[in-house]
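Engineer: Below is a structure I'd like to ask you about.
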There are 2 protein chains.
Amino acid sequence: MGTALQRTIQQLRSEDSEFFQIAISVDCVIFGFDKNELKVLLIKSDLEEFKDQWSLLGDLVRPDENLDSASYRVLKHRTGLDDVYLEQVYTFGEVTRHPAGRVISTAYYSLINIKDHQPVLSDNELHWHPVNEITTLAFDHKIILDTCLQRLQSKIEEHPIVFNLLPEKFSLRELQNLYEAILGVKMDRRNFRKKFFLMNWLEDMNELEQDVPHRPGKLYRFNTSRFPNGKMKTPMPV
Amino acid sequence: MGTALQRTIQQLRSEDSEFFQIAISVDCVIFGFDKNELKVLLIKSDLEEFKDQWSLLGDLVRPDENLDSASYRVLKHRTGLDDVYLEQVYTFGEVTRHPAGRVISTAYYSLINIKDHQPVLSDNELHWHPVNEITTLAFDHKIILDTCLQRLQSKIEEHPIVFNLLPEKFSLRELQNLYEAILGVKMDRRNFRKKFFLMNWLEDMNELEQDVPHRPGKLYRFNTSRFPNGKMKTPMPV
DNA sequence: TATAATTGTGTATAGGTTACACAGTGGTAT
DNA sequence: ATACCACTGTGTAACCTATACACAATTATA
């Protein structure tokens, strides 16, 4: 006797669809950065079991779409944005994780410039929440959020992805605030500047901040010539 | 109109089971270490499309078992081993990845002491292959293997998990050979020793190697008192 | 024109990583 | 028993990276 995988899908389906009682979904942790806080886009759960609780944005995967495509679809649907940074993190498959039945869910996180999203906020079930202030979520979504935040934290130590959270032009102070918000630490300003200039991730725009009540800082943008793909999208599995 | 996830599973099932046409499987990259080579346990594919090609060990997930449990089941079935190190890595969900139908597969890797497994090798469809010599596999399993190897490489830089690949007692030379095999680099012997003693991961057994045709090295074991859980198992998502 | 707030800059110290050579020990062959 | 072989076991100096830290310059504002 072989394992189930060794029979064909057609055989399995005709047998009794025992193996087709599991649904698969994607859940997206959509990060944004605003007022020096890292935020995540949440929606009110409409399941009776999780009435009035917030949950991540997700949907079931359709039989004819790739896993990544399902995430992009959710993002596009909820933010109106194409062309975003998206990374798969982990798949949550506890039997009991969804009260209505067996749903295995693959978690992604995505980084967007929160300003690009404002218009769609007319949907009043959607809200940006400071990550630090979230203590509970529907389903196992708090664990998913924590897992994605950890991945983001380790990812930014090596990879130039935080730029996806910023407008095209930004000051070094904004960039440092962002790192501090994600990592939850304070950093030394001089060392931070030194490190970034050495890494050569930044391109000097020869412009200054506007409308700040103090000496304005220089504006930079992400050094696109060093990273020809521009902002990285959906890296292959790490 | 909501998304599919907002309806209940019962509703979905009764509608037309559109969302229950996807099967989910686990694939296990089972690593071992023998003759100074990193090896992986493979099985001959019995699908017509991949006749005579090797593939990873996997199976469909049953509706009533957790994702992790499915991996453990596959491992137990194929190696006879309980109590192994197992880590989820990535979920592969391309629509076309399985020729017989839509199967989304979550990849795990596992580390076992190859000597513990020898008896079960009577199953002649199973074979240990040097990772370095594998160029193609059935399905997308070569990509899965590469992904798991990369994860293993980055994991051992920080975490004491390689001990799962070794017998209880081992020499520093064996340990270094193992690191070199996994990372694909040569290391300096003195610096390697210094680093390990500083990390305090090792416990001196006050015994010497036997049956080596040269000066025998001291034997060590993994410092279980510093890591009370013994060899780490199935860490939570990173 | 003085004050407040922030930007922009360099150096010294500590800590970790790398490179590197020789004496000691057990096994083996003569 | 002796010589040889192959490996183990050990320390130090050079280098590089990360950290700690203070003051002058600039703009907005009162």
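Labeling convention for the structure tokens: chains A, B, ... as they appear, residues from 1 per chain, ligands from 1 in order of appearance.
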Could you list, as a VMD selection string, every residue within 12 Å of Pro235 (chain A), counting only C-alpha atoms (C1' of nucleotides) and ignoring same-chain residues fewer than 6 positions away?
Structural biologist: (chain A and resid 68 84 to 89 108 to 110 155 159 161 229) or (chain B and resid 147)
Engineer: Taking only C-alpha atoms (C1' of nucleotides) into account, which residues of chain D are within 12 Å of chain A, as a list in words?
Structural biologist: DT17, DA18, DT19, DA20, DC21, DA22, DA25, DT26, DT27, DA28 and DT29 of chain D
Engineer: Save out the residues we just selected, C-alpha atoms (C1' of nucleotides), as a short mmCIF file (atom, residue, chain, number, x, y, z; two decimals), in the first residue's frame.
Structural biologist:
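Result saved to part.cif:
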data_model
loop_
_atom_site.label_atom_id
_atom_site.label_comp_id
_atom_site.auth_asym_id
_atom_site.auth_seq_id
_atom_site.Cartn_x
_atom_site.Cartn_y
_atom_site.Cartn_z
"C1'" DT D 17 33.45 46.19 12.65
"C1'" DA D 18 30.44 48.13 16.13
"C1'" DT D 19 29.89 51.34 19.63
"C1'" DA D 20 30.12 55.50 22.35
"C1'" DC D 21 30.19 60.12 22.31
"C1'" DA D 22 30.14 66.28 21.60
"C1'" DA D 25 25.98 74.81 11.49
"C1'" DT D 26 21.36 75.77 9.84
"C1'" DT D 27 16.60 76.99 9.60
"C1'" DA D 28 12.18 78.53 11.81
"C1'" DT D 29 10.17 81.24 15.13
#
Engineer: For chain C against chain B, which residues fall within 10 Å using only C-alpha atoms (C1' of nucleotides), given as a list in words?
Structural biologist: DT17, DT18, DA19, DC20, DG24, DT25, DG26, DG27 and DT28 of chain C
Engineer: Quick one: distance from CA of Met199 (chain B) to C1' of DT13 (chain C) in Å, one decimal?
Structural biologist: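 About the pair CA of Met199 (chain B) and C1' of DT13 (chain C): they are 24.3 Å apart.
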Engineer: Quick one, how far is CA of Thr136 (chain B) from CA of Ala181 (chain B)?
Structural biologist: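 Separation of CA of Thr136 (chain B) and CA of Ala181 (chain B): 19.9 Å.
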Engineer: Enter the distance from C1' of DC22 (chain C) to C1' of DT10 (chain D), in Å, rounded to one decimal.
Structural biologist: 9.4 Å
Engineer: Name the closest residue to chain B among the candidates A:Asn113, A:Gln53, A:Thr79, A:Gln153; distances are taken between atoms, counting only C-alpha atoms.
Structural biologist: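 When distances to chain B are compared using only C-alpha atoms, the smallest one comes from A:Gln153.
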